[in-house]
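Okay, entry.cif now, which holds mmCIF, C-alpha atoms:
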```
data_query
loop_
_atom_site.label_atom_id
_atom_site.label_comp_id
_atom_site.auth_asym_id
_atom_site.auth_seq_id
_atom_site.Cartn_x
_atom_site.Cartn_y
_atom_site.Cartn_z
CA MET A 18 -16.57 -23.33 5.54
CA LEU A 19 -14.52 -21.18 3.21
CA THR A 20 -13.71 -22.49 -0.24
CA PRO A 21 -10.04 -22.68 -1.31
CA GLU A 22 -10.59 -19.69 -3.60
CA GLU A 23 -12.08 -17.63 -0.76
CA LEU A 24 -9.09 -18.49 1.43
CA ARG A 25 -6.74 -17.35 -1.35
CA GLN A 26 -8.70 -14.09 -1.64
CA ILE A 27 -8.42 -13.47 2.11
CA ARG A 28 -4.66 -14.15 2.07
CA ARG A 29 -4.23 -11.75 -0.86
CA LEU A 30 -6.30 -9.14 0.95
CA SER A 31 -4.29 -9.54 4.16
CA LEU A 32 -0.96 -9.25 2.33
CA GLN A 33 -2.22 -6.27 0.33
CA ALA A 34 -3.41 -4.49 3.48
CA GLY A 35 -0.08 -5.09 5.22
CA ARG A 36 1.96 -3.76 2.31
CA ARG A 37 -0.23 -0.71 1.82
CA VAL A 38 -0.14 0.12 5.54
CA ASP A 39 3.67 0.17 5.49
CA GLY A 40 3.87 2.06 2.22
CA LEU A 41 1.10 4.62 2.62
CA PHE A 42 -0.06 5.55 6.06
CA ALA A 43 1.70 3.83 8.97
CA GLY A 44 3.02 7.19 10.19
CA GLY A 45 -0.35 8.83 9.58
CA TYR A 46 -2.07 6.27 11.75
CA ARG A 47 0.36 6.85 14.62
CA SER A 48 -0.09 10.62 14.40
CA ALA A 49 -3.86 10.55 14.05
CA PHE A 50 -4.65 7.86 16.63
CA ARG A 51 -2.63 8.70 19.70
CA GLY A 52 -2.79 7.10 23.11
CA ARG A 53 -5.13 8.03 25.94
CA GLY A 54 -2.94 10.81 27.34
CA MET A 55 0.13 11.34 29.47
CA GLU A 56 1.52 8.83 31.96
CA PHE A 57 3.69 9.71 34.98
CA GLU A 58 7.29 8.54 34.58
CA GLU A 59 9.56 10.09 37.26
CA VAL A 60 10.38 13.07 39.48
CA ARG A 61 13.51 15.14 38.77
CA PRO A 62 15.04 18.41 40.02
CA TYR A 63 13.48 21.59 38.67
CA VAL A 64 15.43 23.53 36.03
CA PRO A 65 14.59 27.04 34.80
CA GLY A 66 11.98 26.88 32.06
CA ASP A 67 10.06 23.90 33.50
CA ASP A 68 6.29 24.27 33.82
CA VAL A 69 5.64 25.28 37.44
CA ARG A 70 2.30 23.45 37.27
CA HIS A 71 4.26 20.18 37.27
CA ILE A 72 6.07 20.85 40.55
CA ASP A 73 5.70 17.95 42.98
CA TRP A 74 5.22 19.82 46.26
CA ASN A 75 5.57 16.72 48.46
CA VAL A 76 8.98 15.82 47.05
CA THR A 77 9.98 19.48 47.02
CA ALA A 78 9.22 19.76 50.74
CA ARG A 79 11.17 16.58 51.60
CA ALA A 80 14.19 17.43 49.46
CA ASP A 81 14.17 21.13 50.37
CA SER A 82 14.60 21.94 46.66
CA PRO A 83 12.04 22.16 43.83
CA HIS A 84 11.29 18.97 41.88
CA VAL A 85 8.94 18.44 38.95
CA LYS A 86 7.02 15.47 37.64
CA GLU A 87 8.04 14.03 34.27
CA PHE A 88 5.40 12.58 31.98
CA ARG A 89 5.54 10.54 28.80
CA GLU A 90 2.86 10.02 26.21
CA GLU A 91 0.91 6.81 26.70
CA ARG A 92 1.06 5.34 23.23
CA GLU A 93 -0.99 2.19 23.56
CA LEU A 94 -4.66 2.51 22.70
CA THR A 95 -7.66 0.34 21.96
CA LEU A 96 -9.02 0.42 18.39
CA MET A 97 -12.50 -1.07 18.05
CA LEU A 98 -13.69 -1.90 14.53
CA VAL A 99 -17.48 -1.84 14.22
CA VAL A 100 -18.44 -3.25 10.80
CA ASP A 101 -21.85 -3.43 9.14
CA VAL A 102 -22.38 -6.88 7.57
CA SER A 103 -26.06 -6.43 6.65
CA ALA A 104 -27.42 -7.31 3.21
CA SER A 105 -27.03 -3.79 1.81
CA MET A 106 -23.23 -4.14 2.13
CA ARG A 107 -23.27 -6.87 -0.52
CA PHE A 108 -24.23 -4.35 -3.19
CA GLY A 109 -21.67 -3.13 -5.70
CA SER A 110 -21.07 -2.37 -9.36
CA GLY A 111 -17.62 -4.01 -9.43
CA GLY A 112 -15.23 -1.13 -8.89
CA ALA A 113 -11.90 -0.91 -10.68
CA ASP A 114 -11.27 -4.67 -10.48
CA GLY A 115 -14.77 -5.72 -11.55
CA ARG A 116 -15.53 -7.59 -8.30
CA THR A 117 -15.62 -4.97 -5.55
CA ASP A 118 -18.79 -4.51 -3.54
CA LYS A 119 -19.25 -2.63 -0.27
CA ARG A 120 -18.52 -5.76 1.77
CA LEU A 121 -15.13 -6.34 0.14
CA GLN A 122 -14.31 -2.63 0.44
CA SER A 123 -15.21 -2.74 4.14
CA ALA A 124 -12.89 -5.75 4.63
CA ARG A 125 -10.05 -3.76 3.03
CA VAL A 126 -10.68 -0.75 5.26
CA ALA A 127 -11.04 -2.77 8.47
CA GLY A 128 -8.11 -5.01 7.56
CA ALA A 129 -5.81 -2.06 6.90
CA LEU A 130 -6.78 -0.45 10.21
CA ALA A 131 -6.18 -3.75 12.02
CA CYS A 132 -2.74 -4.08 10.39
CA ALA A 133 -1.83 -0.49 11.35
CA ALA A 134 -2.95 -1.10 14.95
CA SER A 135 -0.88 -4.29 15.12
CA ARG A 136 2.23 -2.51 13.84
CA ASN A 137 1.68 0.22 16.43
CA ASN A 138 1.36 -2.39 19.22
CA ASP A 139 -2.25 -1.37 19.90
CA ARG A 140 -5.13 -3.57 20.98
CA VAL A 141 -7.72 -4.13 18.25
CA GLY A 142 -11.15 -5.71 18.41
CA LEU A 143 -14.06 -6.33 16.04
CA LEU A 144 -17.81 -6.11 16.28
CA ALA A 145 -19.81 -7.17 13.20
CA TYR A 146 -23.49 -6.32 13.23
CA THR A 147 -26.77 -6.44 11.31
CA ASP A 148 -29.83 -5.68 13.42
CA ARG A 149 -28.09 -7.66 16.15
CA VAL A 150 -24.49 -8.32 17.17
CA GLU A 151 -23.33 -11.04 14.77
CA CYS A 152 -19.74 -11.39 15.94
CA PHE A 153 -17.57 -9.93 18.69
CA LEU A 154 -13.79 -10.33 18.93
CA PRO A 155 -12.53 -8.65 22.14
CA PRO A 156 -9.65 -6.18 21.75
CA ARG A 157 -6.22 -7.77 22.03
CA LYS A 158 -2.68 -7.57 20.72
CA SER A 159 -1.44 -10.34 18.46
CA ARG A 160 0.50 -10.63 15.22
CA GLY A 161 -2.21 -12.80 13.77
CA HIS A 162 -5.11 -10.71 14.98
CA SER A 163 -5.33 -8.57 11.83
CA TRP A 164 -5.60 -11.82 9.85
CA ALA A 165 -8.37 -12.99 12.18
CA VAL A 166 -10.24 -9.69 11.72
CA ILE A 167 -10.01 -9.78 7.91
CA ARG A 168 -11.01 -13.44 7.82
CA GLU A 169 -14.00 -12.89 10.12
CA ILE A 170 -15.32 -9.99 8.05
CA PHE A 171 -14.87 -11.90 4.81
CA GLU A 172 -16.02 -15.30 6.09
CA HIS A 173 -18.92 -14.30 8.30
CA ARG A 174 -22.33 -15.41 7.07
CA PRO A 175 -24.76 -13.06 8.83
CA GLN A 176 -27.93 -14.54 10.25
CA ARG A 177 -29.95 -11.39 9.59
CA ARG A 178 -30.37 -9.03 6.63
CA ALA A 179 -31.49 -5.76 8.21
CA THR A 180 -29.36 -3.01 9.81
CA ASP A 181 -29.55 -1.43 13.25
CA LEU A 182 -26.54 0.69 14.15
CA GLY A 183 -28.17 1.42 17.50
CA VAL A 184 -27.64 -2.21 18.57
CA ALA A 185 -23.91 -1.92 17.87
CA ILE A 186 -23.60 1.41 19.71
CA GLU A 187 -25.43 0.05 22.73
CA HIS A 188 -23.15 -3.01 22.86
CA MET A 189 -20.03 -0.85 22.56
CA GLY A 190 -21.26 1.34 25.38
CA ARG A 191 -21.35 -1.73 27.63
CA VAL A 192 -18.01 -3.32 26.72
CA LEU A 193 -15.75 -0.26 26.27
CA LYS A 194 -14.98 0.81 29.82
CA ARG A 195 -12.23 3.29 28.90
CA ARG A 196 -12.07 5.96 26.23
CA SER A 197 -11.14 4.25 22.95
CA VAL A 198 -10.80 4.87 19.24
CA VAL A 199 -13.80 3.44 17.37
CA ALA A 200 -13.94 2.95 13.59
CA LEU A 201 -17.48 2.55 12.23
CA VAL A 202 -17.55 0.98 8.74
CA SER A 203 -20.99 1.04 7.12
CA ASP A 204 -23.14 2.60 4.40
CA PHE A 205 -25.12 4.31 7.19
CA LEU A 206 -28.46 3.91 5.46
CA ASP A 207 -30.17 4.19 8.85
CA ILE A 208 -28.30 7.35 9.89
CA ASP A 209 -31.49 9.42 10.27
CA ASP A 210 -32.66 7.18 13.12
CA ARG A 211 -29.30 7.17 14.93
CA VAL A 212 -28.22 10.82 15.13
CA ARG A 213 -28.89 11.21 18.86
CA GLY A 214 -27.19 7.94 19.82
CA LEU A 215 -24.12 8.69 17.69
CA SER A 216 -23.78 12.17 19.18
CA ALA A 217 -23.77 10.77 22.73
CA PHE A 218 -21.37 7.96 21.77
CA SER A 219 -18.89 10.38 20.15
CA ARG A 220 -18.66 12.36 23.41
CA ARG A 221 -17.36 9.26 25.21
CA HIS A 222 -15.04 7.89 22.51
CA ARG A 223 -13.05 9.11 19.52
CA VAL A 224 -15.27 7.89 16.71
CA ASN A 225 -14.19 7.66 13.07
CA ALA A 226 -16.82 6.83 10.45
CA PHE A 227 -16.01 5.30 7.05
CA LEU A 228 -19.09 5.60 4.83
CA LEU A 229 -19.09 3.00 2.03
CA SER A 230 -20.95 3.82 -1.18
CA ASP A 231 -21.29 2.65 -4.78
CA PRO A 232 -21.71 4.82 -7.90
CA LEU A 233 -24.91 3.01 -8.91
CA GLU A 234 -26.58 4.14 -5.69
CA GLU A 235 -26.35 7.74 -6.85
CA ARG A 236 -27.11 7.50 -10.57
CA LEU A 237 -29.05 4.59 -11.99
CA GLY A 238 -30.31 6.43 -15.07
CA ASP A 239 -33.36 5.78 -17.25
CA VAL A 240 -33.22 2.07 -18.09
CA GLY A 241 -36.95 1.32 -18.25
CA LEU A 242 -38.92 -1.06 -16.05
CA LEU A 243 -36.98 -2.94 -13.40
CA THR A 244 -37.73 -5.62 -10.85
CA ILE A 245 -35.90 -4.53 -7.73
CA GLU A 246 -35.37 -6.25 -4.39
CA ASP A 247 -34.76 -4.61 -1.06
CA GLN A 248 -31.69 -6.50 0.14
CA GLU A 249 -32.50 -5.99 3.80
CA THR A 250 -36.20 -6.93 3.73
CA GLY A 251 -36.35 -9.23 0.68
CA GLU A 252 -39.34 -7.28 -0.72
CA ARG A 253 -39.58 -7.19 -4.53
CA ARG A 254 -41.46 -4.78 -6.76
CA LEU A 255 -41.67 -3.63 -10.39
CA VAL A 256 -40.71 0.03 -10.83
CA ASP A 257 -40.07 2.54 -13.60
CA SER A 258 -36.44 3.65 -13.30
CA LYS A 259 -37.42 7.21 -14.34
CA SER A 260 -39.52 7.57 -11.19
CA MET A 261 -36.95 6.14 -8.83
CA ARG A 262 -35.50 8.52 -6.30
CA PRO A 263 -32.33 7.59 -4.43
CA GLY A 264 -32.28 7.73 -0.65
CA ARG A 265 -30.30 10.33 1.23
CA PRO A 266 -27.20 11.06 -0.92
CA THR A 267 -23.80 9.95 0.28
CA MET A 268 -22.57 13.47 1.01
CA GLU A 269 -25.66 14.25 3.07
CA ARG A 270 -25.11 11.12 5.14
CA ARG A 271 -21.47 12.09 5.65
CA ASP A 272 -22.48 15.61 6.71
CA LEU A 273 -24.88 14.14 9.27
CA LEU A 274 -22.04 12.05 10.69
CA LEU A 275 -19.88 15.17 10.95
CA GLN A 276 -22.71 16.98 12.74
CA CYS A 277 -22.79 14.13 15.28
CA GLY A 278 -19.15 14.89 16.17
CA LEU A 279 -17.61 12.00 14.21
CA HIS A 280 -14.56 12.20 11.94
CA ALA A 281 -16.19 10.97 8.74
CA THR A 282 -14.81 9.95 5.33
CA SER A 283 -16.80 8.56 2.40
CA ILE A 284 -15.19 5.74 0.41
CA SER A 285 -16.62 4.58 -2.92
CA THR A 286 -16.23 1.05 -4.26
CA ALA A 287 -14.65 2.70 -7.32
CA GLU A 288 -11.69 4.20 -5.43
CA ASP A 289 -8.55 2.98 -3.69
CA PRO A 290 -9.59 2.51 -0.03
CA PHE A 291 -6.01 2.75 1.24
CA ARG A 292 -5.51 6.21 -0.23
CA ALA A 293 -8.88 7.23 1.20
CA LEU A 294 -7.62 6.15 4.64
CA GLN A 295 -4.45 8.15 4.07
CA ARG A 296 -6.55 11.27 3.37
CA HIS A 297 -8.54 10.59 6.53
CA PHE A 298 -5.40 10.44 8.68
CA HIS A 299 -3.94 13.58 7.12
CA ARG A 300 -7.16 15.44 7.85
CA LEU A 301 -7.01 14.33 11.50
CA GLU A 302 -3.39 15.50 11.72
CA ARG A 303 -4.37 18.95 10.44
CA LEU A 304 -7.21 19.14 12.98
CA ARG A 305 -4.73 18.44 15.77
#
```
Would you encode the structure as structure tokens?
Amino acid sequence: MLTPEELRQIRRLSLQAGRRVDGLFAGGYRSAFRGRGMEFEEVRPYVPGDDVRHIDWNVTARADSPHVKEFREERELTLMLVVDVSASMRFGSGGADGRTDKRLQSARVAGALACAASRNNDRVGLLAYTDRVECFLPPRKSRGHSWAVIREIFEHRPQRRATDLGVAIEHMGRVLKRRSVVALVSDFLDIDDRVRGLSAFSRRHRVNAFLLSDPLEERLGDVGLLTIEDQETGERRLVDSKSMRPGRPTMERRDLLLQCGLHATSISTAEDPFRALQRHFHRLERLR
């Protein structure tokens, strides 16, 4: 069960996400994440300048005058949030407020996207994963659904520590029957093992990746001997910080995501995640 303080934190986070969505990027979300395509609306008489490819020949033959099909953009879409809740996401140096780790930053990102989807009348769902599917909330439309998403990300106590993005991709492939917008929120530490699967997945869906990182992951510095613990395996060892080499740098992981056909943005625990989302949407608008 959540403590009263944790509940207060979730309420603050939900209110903050809602305000920042309205103030920063509600329009950007609508422009960047459009519906599945065009939906037939009606048939009307042809007027000069209409696209002849839209002529309805059956109606034209019956009416003995040219008629064209009218279409409107289908706005509603499905946004699926796929969030890494493995042990590595609980790492962080505090950020600007002194308490931000990758998990809290991921809750802000996912919560803001859920709020934006709700305001756009879209269906939104959540899959939280470690090396198995930890939680699945099917896509639906509801005023309180963004609250449920934020609460689930914040409240969930994962049963496993390790990460396997492949498990999440495989599950999404089974449950998403129609082309959808997918937002992957993770530190992508296992990206090297998942390049082929991500490439295939991005051909079926519009996939956006939000790569969470922390400044300490890139530059620890020479601080002498350290006892370190692998958060995902629990293994401990004594190491000399001078000999430590970081894993694949954040920008390299982001570049790999781009090579897989994903729209990728890196977000540090030290920056404002809502402005990072705004940059992401603006970049998608320019690509369109």
**Request:** Considering only C-alpha atoms, return as a PyMOL selection string whatever protein or nucleic-acid residues lie within 10 Å of Ser135 of chain A, sequence-local ones (same chain, fewer than 3 positions apart) excluded.
**Result:** chain A and resi 35+96+129-132+138-141+157-163
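Among A:Val99, A:Leu273, A:Arg61, A:Ala145, the residue with the shortest atom-to-atom distance to Glu172 of chain A, counting all atoms listed in the file, is A:Ala145.
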**Request:** Take the PyMOL selection byres ((chain A and resi 300) around 12), apply it to the structure above, and return the hits as a PyMOL selection string.
**Result:** chain A and resi 45-46+48-50+225+280-282+293-299+301-305
**Message:** Translate the PyMOL selection byres ((chain A and resi 208) around 12) into a concrete residue list for this structure, as an NGL selection string.
**Reply:** :A and (180-183 or 203-207 or 209-216 or 226 or 228 or 264-267 or 269-277)
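When all atoms listed in the file are used to measure the gap to Cys152 of chain A, the shortest distance among A:Val202, A:Leu98, A:Val38, A:Val64 belongs to A:Leu98.
Atom CA of Asp81 of chain A is found 18.6 Å from atom CA of Asp68 of chain A.
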**Message:** Would you compute the distance between atom CA of Phe291 of chain A and atom CA of Gln122 of chain A? Give it in Å to one decimal.
**Reply:** 9.9 Å
